[in-house]
>>> print(open('data_2.txt').read())   # compact mmCIF, C-alpha atoms
# COMPACT_ATOMS: atom_id res chain seq x y z
CA MET E 1 -7.52 20.78 -0.12
CA ILE E 2 -9.82 18.93 -2.51
CA ARG E 3 -8.45 16.61 -5.11
CA SER E 4 -9.56 13.61 -7.14
CA GLU E 5 -8.04 10.20 -7.03
CA ARG E 6 -9.10 6.63 -7.57
CA SER E 7 -10.70 5.08 -4.51
CA THR E 8 -9.13 1.72 -5.17
CA THR E 9 -5.77 0.44 -4.05
CA SER E 10 -3.93 -2.70 -4.88
CA SER E 11 -4.30 -3.89 -1.31
CA SER E 12 -8.09 -3.41 -1.26
CA LEU E 13 -8.51 -5.13 -4.60
CA GLY E 14 -6.33 -8.01 -3.47
CA ALA E 15 -8.15 -8.54 -0.19
CA SER E 16 -10.51 -11.08 -1.76
CA ARG E 17 -11.45 -12.10 -5.26
CA PRO E 18 -14.85 -10.70 -6.33
CA THR E 19 -17.51 -13.37 -6.75
CA ASP E 20 -19.80 -11.27 -8.96
CA GLN E 21 -20.13 -7.78 -10.42
CA ALA E 22 -21.79 -6.32 -7.32
CA HIS E 23 -19.09 -7.80 -5.09
CA GLY E 24 -16.42 -6.28 -7.28
CA LEU E 25 -18.05 -2.86 -7.13
CA ARG E 26 -18.29 -3.05 -3.36
CA GLN E 27 -14.55 -3.59 -3.26
CA MET E 28 -13.85 -0.80 -5.76
CA PHE E 29 -16.00 1.75 -3.93
CA ALA E 30 -15.41 0.48 -0.40
CA LYS E 31 -14.39 3.92 0.83
CA ARG E 32 -16.93 5.94 -1.15
CA VAL E 33 -19.02 8.20 1.09
CA ILE E 34 -21.78 10.76 0.72
CA ARG E 35 -21.46 14.03 2.63
CA PHE E 36 -24.63 15.53 4.12
CA ILE E 37 -24.71 19.26 4.83
CA PRO E 38 -27.58 20.88 6.80
CA VAL E 39 -28.67 24.28 5.44
CA VAL E 40 -31.12 26.04 7.75
CA ALA E 41 -34.07 27.59 5.93
CA ASN E 42 -34.91 31.24 6.60
CA PRO E 43 -38.37 32.11 5.23
CA SER E 44 -37.87 35.85 5.73
CA ALA E 45 -34.56 36.09 3.89
CA GLY E 46 -35.80 35.18 0.41
CA CYS E 47 -32.38 34.01 -0.76
CA GLY E 48 -32.36 30.28 -0.03
CA GLY E 49 -32.34 29.39 -3.72
CA LEU E 50 -29.37 31.66 -4.32
CA VAL E 51 -27.35 30.14 -1.48
CA LEU E 52 -28.05 26.59 -2.66
CA GLU E 53 -27.29 27.49 -6.28
CA ARG E 54 -23.92 29.01 -5.39
CA LEU E 55 -22.96 26.03 -3.24
CA CYS E 56 -23.80 23.68 -6.12
CA ALA E 57 -21.66 25.78 -8.47
CA VAL E 58 -18.68 25.57 -6.13
CA TYR E 59 -19.02 21.82 -5.65
CA ALA E 60 -19.37 21.31 -9.40
CA GLY E 61 -16.09 23.19 -9.75
CA PHE E 62 -14.60 20.75 -7.25
CA GLY E 63 -15.72 17.88 -9.50
CA LEU E 64 -18.49 16.76 -7.14
CA ASN E 65 -22.08 15.73 -7.84
CA THR E 66 -24.61 17.48 -5.60
CA LEU E 67 -28.18 16.61 -4.66
CA VAL E 68 -30.31 19.42 -3.19
CA VAL E 69 -33.09 18.12 -0.94
CA ASP E 70 -35.44 21.06 -0.39
CA ALA E 71 -37.63 20.31 2.62
CA SER E 72 -38.35 23.95 3.44
CA ASP E 73 -41.91 25.22 3.85
CA GLN E 74 -41.62 27.04 0.52
CA ALA E 75 -40.69 23.90 -1.45
CA ARG E 76 -43.01 21.60 -3.38
CA PRO E 77 -44.02 18.30 -1.79
CA PRO E 78 -42.19 15.23 -3.12
CA SER E 79 -43.45 13.34 -6.13
CA GLU E 80 -46.16 10.79 -5.42
CA LEU E 81 -43.87 8.13 -6.87
CA ALA E 82 -41.32 8.95 -4.15
CA ASP E 83 -43.59 7.16 -1.68
CA PHE E 84 -42.71 3.91 -3.44
CA ASP E 85 -39.18 4.71 -4.62
CA LEU E 86 -37.42 7.79 -3.25
CA SER E 87 -35.18 7.99 -6.30
CA GLU E 88 -38.28 8.74 -8.42
CA GLY E 89 -38.55 12.08 -6.67
CA ILE E 90 -35.11 13.25 -7.83
CA GLU E 91 -35.00 15.72 -10.74
CA VAL E 92 -31.76 15.90 -12.72
CA LEU E 93 -30.89 19.54 -13.43
CA SER E 94 -27.45 19.03 -14.96
CA SER E 95 -24.68 16.46 -15.15
CA GLN E 96 -23.57 17.45 -11.63
CA VAL E 97 -26.67 18.83 -9.90
CA SER E 98 -29.93 17.11 -8.93
CA TYR E 99 -32.91 18.44 -7.01
CA MET E 100 -35.59 16.84 -4.85
CA PRO E 101 -38.64 18.83 -3.72
CA ALA E 102 -39.23 17.44 -0.25
CA ARG E 103 -41.63 19.54 1.80
CA GLY E 104 -42.94 17.27 4.54
CA LEU E 105 -40.62 14.40 3.63
CA PRO E 106 -38.60 14.28 6.89
CA LEU E 107 -41.69 13.57 9.00
CA ARG E 108 -42.48 10.56 6.84
CA HIS E 109 -39.32 9.02 8.33
CA VAL E 110 -39.96 9.94 11.98
CA ASP E 111 -39.66 7.19 14.57
CA ALA E 112 -41.04 6.78 18.11
CA ARG E 113 -38.22 8.95 19.49
CA GLY E 114 -39.03 11.83 17.13
CA SER E 115 -35.90 11.20 15.05
CA CYS E 116 -35.92 11.41 11.25
CA ALA E 117 -32.39 10.05 10.90
CA THR E 118 -33.48 7.19 8.64
CA LEU E 119 -34.02 9.80 5.92
CA LEU E 120 -30.23 10.01 5.51
CA ASP E 121 -30.02 6.27 4.86
CA ALA E 122 -32.90 6.47 2.37
CA LEU E 123 -31.29 9.37 0.49
CA ALA E 124 -27.93 7.57 0.34
CA ASP E 125 -29.65 4.55 -1.17
CA ALA E 126 -31.72 6.65 -3.58
CA SER E 127 -28.84 8.76 -4.92
CA PRO E 128 -25.61 6.75 -4.67
CA GLN E 129 -24.01 8.82 -7.45
CA SER E 130 -24.13 11.96 -5.31
CA ASP E 131 -21.04 13.13 -3.48
CA VAL E 132 -22.79 15.90 -1.54
CA VAL E 133 -26.38 16.18 -0.29
CA LEU E 134 -27.55 19.64 0.78
CA ILE E 135 -30.59 19.31 3.06
CA HIS E 136 -32.46 22.62 3.16
CA ALA E 137 -35.05 22.55 5.94
CA SER E 138 -36.23 24.34 9.04
CA ALA E 139 -34.03 24.24 12.12
CA SER E 140 -36.46 21.93 13.92
CA GLU E 141 -36.53 19.41 11.06
CA LEU E 142 -32.75 19.46 10.73
CA VAL E 143 -32.48 18.71 14.45
CA ARG E 144 -34.76 15.70 13.98
CA ILE E 145 -32.65 14.48 11.07
CA PHE E 146 -29.14 15.08 12.40
CA SER E 147 -29.14 15.70 16.15
CA HIS E 148 -28.14 12.29 17.53
CA ARG E 149 -25.42 11.97 14.87
CA ALA E 150 -24.21 15.54 15.33
CA ARG E 151 -23.22 14.79 18.90
CA GLN E 152 -20.73 12.24 17.61
CA SER E 153 -19.24 14.44 14.89
CA ASN E 154 -18.01 17.92 14.04
CA LEU E 155 -21.17 18.70 12.07
CA ARG E 156 -21.70 22.44 11.58
CA PRO E 157 -24.88 23.80 9.94
CA LEU E 158 -25.06 26.71 7.52
CA LEU E 159 -27.42 29.59 8.27
CA PHE E 160 -28.31 32.52 6.04
CA CYS E 161 -30.24 35.75 6.42
CA ASN E 162 -30.64 39.12 4.74
CA ASP E 163 -29.88 42.58 6.12
CA MET E 164 -33.42 43.17 7.39
CA ALA E 165 -34.79 42.81 10.91
CA GLU E 166 -37.12 39.95 9.95
CA GLY E 167 -34.28 37.89 8.50
CA LEU E 168 -32.17 38.47 11.61
CA THR E 169 -35.05 37.45 13.88
CA ASP E 170 -35.59 34.19 12.01
CA ALA E 171 -31.85 33.47 12.00
CA TYR E 172 -31.64 33.97 15.78
CA GLY E 173 -34.65 31.72 16.26
CA ALA E 174 -32.88 29.05 14.21
CA VAL E 175 -29.72 29.37 16.31
CA LYS E 176 -31.82 29.00 19.44
CA THR E 177 -33.38 25.80 18.09
CA ILE E 178 -30.15 24.16 16.95
CA THR E 179 -28.35 24.95 20.22
CA GLN E 180 -31.09 24.05 22.68
CA ARG E 181 -32.57 21.05 20.89
CA GLY E 182 -29.75 19.88 18.64
CA HIS E 183 -26.78 20.86 20.84
CA TRP E 184 -24.98 22.38 17.83
CA MET E 185 -22.84 25.10 19.35
CA ALA E 186 -21.26 26.50 16.17
CA TYR E 187 -22.56 27.56 12.77
CA ASP E 188 -21.56 29.36 9.59
CA LEU E 189 -23.49 32.37 8.30
CA ILE E 190 -24.17 33.91 4.90
CA VAL E 191 -25.70 37.39 4.78
CA CYS E 192 -27.48 38.04 1.49
CA ALA E 193 -27.16 41.76 0.86
CA LYS E 194 -25.97 44.26 -1.73
CA ALA E 195 -22.32 45.16 -1.70
CA ILE E 196 -23.23 48.71 -0.62
CA SER E 197 -25.39 47.58 2.31
CA VAL E 198 -24.29 49.17 5.58
CA GLN E 199 -26.62 46.97 7.64
CA ALA E 200 -25.17 43.63 6.55
CA ASP E 201 -22.13 43.73 8.82
CA GLU E 202 -24.25 45.01 11.71
CA VAL E 203 -26.70 42.12 11.27
CA ALA E 204 -23.88 39.55 11.33
CA GLN E 205 -22.30 41.14 14.41
CA ARG E 206 -25.63 41.36 16.22
CA LEU E 207 -26.41 37.71 15.55
CA ALA E 208 -22.94 36.63 16.67
CA GLN E 209 -23.19 38.65 19.89
CA CYS E 210 -26.66 37.37 20.76
CA ALA E 211 -25.75 33.77 19.95
CA ASP E 212 -22.68 34.01 22.18
CA SER E 213 -24.20 35.97 25.07
CA PHE E 214 -27.55 34.19 25.38
CA LEU E 215 -26.97 30.74 23.88
CA GLY E 216 -23.23 30.11 24.17
CA ALA E 217 -23.00 29.46 20.42
CA ALA E 218 -20.12 30.50 18.17
CA GLN E 219 -20.45 32.06 14.72
CA HIS E 220 -17.56 30.24 13.05
CA ARG E 221 -17.45 31.95 9.67
CA CYS E 222 -19.47 34.75 8.09
CA LEU E 223 -19.50 36.25 4.62
CA ARG E 224 -21.71 38.34 2.39
CA LEU E 225 -23.43 37.18 -0.80
CA ASP E 226 -24.74 39.81 -3.22
CA PRO E 227 -28.13 38.66 -4.60
CA HIS E 228 -27.75 41.04 -7.54
CA GLU E 229 -24.45 39.55 -8.64
CA SER E 230 -24.62 37.67 -11.94
CA ALA E 231 -24.85 33.90 -11.63
CA THR E 232 -22.04 33.64 -14.19
CA VAL E 233 -19.55 35.36 -11.87
CA ASP E 234 -17.02 32.96 -10.42
CA PRO E 235 -17.45 32.32 -6.69
CA SER E 236 -15.17 34.37 -4.50
CA PRO E 237 -12.23 32.68 -2.78
CA GLN E 238 -13.96 33.35 0.55
CA PHE E 239 -17.12 31.57 -0.59
CA MET E 240 -15.11 28.64 -1.92
CA GLU E 241 -13.32 28.42 1.43
CA LEU E 242 -16.65 28.37 3.28
CA ALA E 243 -18.02 25.67 0.96
CA ALA E 244 -14.89 23.56 1.44
CA GLY E 245 -15.16 23.98 5.20
CA LEU E 246 -18.74 22.68 5.11
CA LEU E 247 -17.46 19.56 3.36
CA GLN E 248 -14.81 19.04 6.01
CA CYS E 249 -17.37 19.05 8.84
CA ALA E 250 -20.25 17.37 6.97
CA TRP E 251 -21.89 14.17 8.17
CA THR E 252 -20.32 11.37 6.13
CA GLN E 253 -22.06 8.13 5.34
CA THR E 254 -20.62 5.13 3.56
CA LEU E 255 -22.74 3.69 0.76
CA GLY E 256 -24.58 0.57 1.86
CA ASP E 257 -25.53 -2.59 0.01
CA THR E 258 -28.83 -1.14 -1.20
CA ALA E 259 -27.01 1.75 -2.82
CA PHE E 260 -24.67 -0.65 -4.61
CA ASP E 261 -27.66 -2.65 -5.78
CA ASN E 262 -29.06 0.58 -7.27
CA LEU E 263 -25.75 1.23 -9.01
CA VAL E 264 -25.74 -2.17 -10.71
CA SER E 265 -29.47 -2.36 -11.44
CA PRO E 266 -30.58 -2.38 -15.11
CA GLY E 267 -30.43 1.10 -16.57
CA ALA E 268 -28.27 2.52 -13.81
CA ALA E 269 -25.34 4.63 -14.94
CA LEU E 270 -22.16 3.86 -13.07
CA PRO E 271 -20.03 6.93 -12.39
CA SER E 272 -17.36 7.13 -15.09
CA ARG E 273 -15.24 9.75 -13.33
CA VAL E 274 -12.83 9.19 -10.52
CA THR E 275 -14.14 9.48 -7.01
CA PRO E 276 -13.27 12.74 -5.21
CA VAL E 277 -11.91 12.51 -1.70
CA LEU E 278 -10.98 15.07 0.90
CA ASN E 279 -7.64 15.58 2.55
>>> encode(input="data_2.txt", output="structure tokens")
Amino acid sequence: MIRSERSTTSSSLGASRPTDQAHGLRQMFAKRVIRFIPVVANPSAGCGGLVLERLCAVYAGFGLNTLVVDASDQARPPSELADFDLSEGIEVLSSQVSYMPARGLPLRHVDARGSCATLLDALADASPQSDVVLIHASASELVRIFSHRARQSNLRPLLFCNDMAEGLTDAYGAVKTITQRGHWMAYDLIVCAKAISVQADEVAQRLAQCADSFLGAAQHRCLRLDPHESATVDPSPQFMELAAGLLQCAWTQTLGDTAFDNLVSPGAALPSRVTPVLN
């Protein structure tokens, strides 16, 4: 269940007297975290934007602020200013949704071990107002970003495909990558297809069977998303349940000192709403 409550308690406020404004904010938001959700890009499906849009709509309904980091091959490269200040690459789309074109960005944070995990720290610092960060990227890039942290958590990526053979092939390739290189052995799936599609259920079943038989991976949850459905239609209860489940198993990261410095810097807008938490 998702609810909103103040992140401060009398005990945390009374632990020590704040010495300055930044110190006081660190005490007030001591338990504030950002949740990172990996969304595996599928270039053959053609519905990545729809999936991300619907997730943002659900999280906005939950009272959460969402940043979409689009590092897929179809995305634009990040702003040139993002090389100096990552926050300059963030585009505000609404009061609760922001977007960052980020093609090629993960590899700018690669280290000698091939890990791009420092990107998560940089994003947390650049967008401390965000509650959720959706990272849309290829399976291989998501492994570089999350893999060593995924082994210590219940992180579960989201895959999507359409009801065509090409989309299924790309989805299976992604499952193969995340299981063999990232050691993620479970995933959620969205099939983008018309309500009358007879192939959609067959595609989901085929992917689940192949993932289980050949890779030992489990398809945790699967649902259909109609690309022709109006964007004004309220998300289905099943989709809301899937989105909430992604929050429950997301990678969580506590805001660091740099993020607090960004919050209190001149011109920064401190969040005026209460901080949402998960139970």
>>> atom_distance(input="data_2.txt", atom1="CA of Ser87 in chain E", atom2="CA of Arg103 in chain E")
15.5 Å
>>> residues_around(input="data_2.txt", residues="range 167-178 of chain E", least_positions_apart="5", cutoff="10 Å", atoms="all atoms listed in the file", output="PyMOL selection string")
chain E and resi 40-46+138-143+147+157+159-162+183-187+189+191-192+203-204+206-208+210-211+214-219
>>> residues_around(input="data_2.txt", residues="range 94-97 of chain E", least_positions_apart="6", cutoff="9 Å", atoms="only C-alpha atoms", output="ChimeraX atom specification")
/E:56-57,59-60,63-68,130
>>> closest_residue(input="data_2.txt", among="E:Leu120, E:Leu242, E:Leu50, E:Leu81", to="Ser230 in chain E", atoms="only C-alpha atoms")
E:Leu50
>>> atom_distance(input="data_2.txt", atom1="CA of Ala250 in chain E", atom2="CA of Ala82 in chain E")
25.3 Å
>>> atom_distance(input="data_2.txt", atom1="CA of Leu123 in chain E", atom2="CA of Pro77 in chain E")
15.7 Å
>>> closest_residue(input="data_2.txt", among="E:Ser197, E:Thr252, E:Ser153, E:Ile190", to="Val39 in chain E", atoms="all atoms listed in the file")
E:Ile190
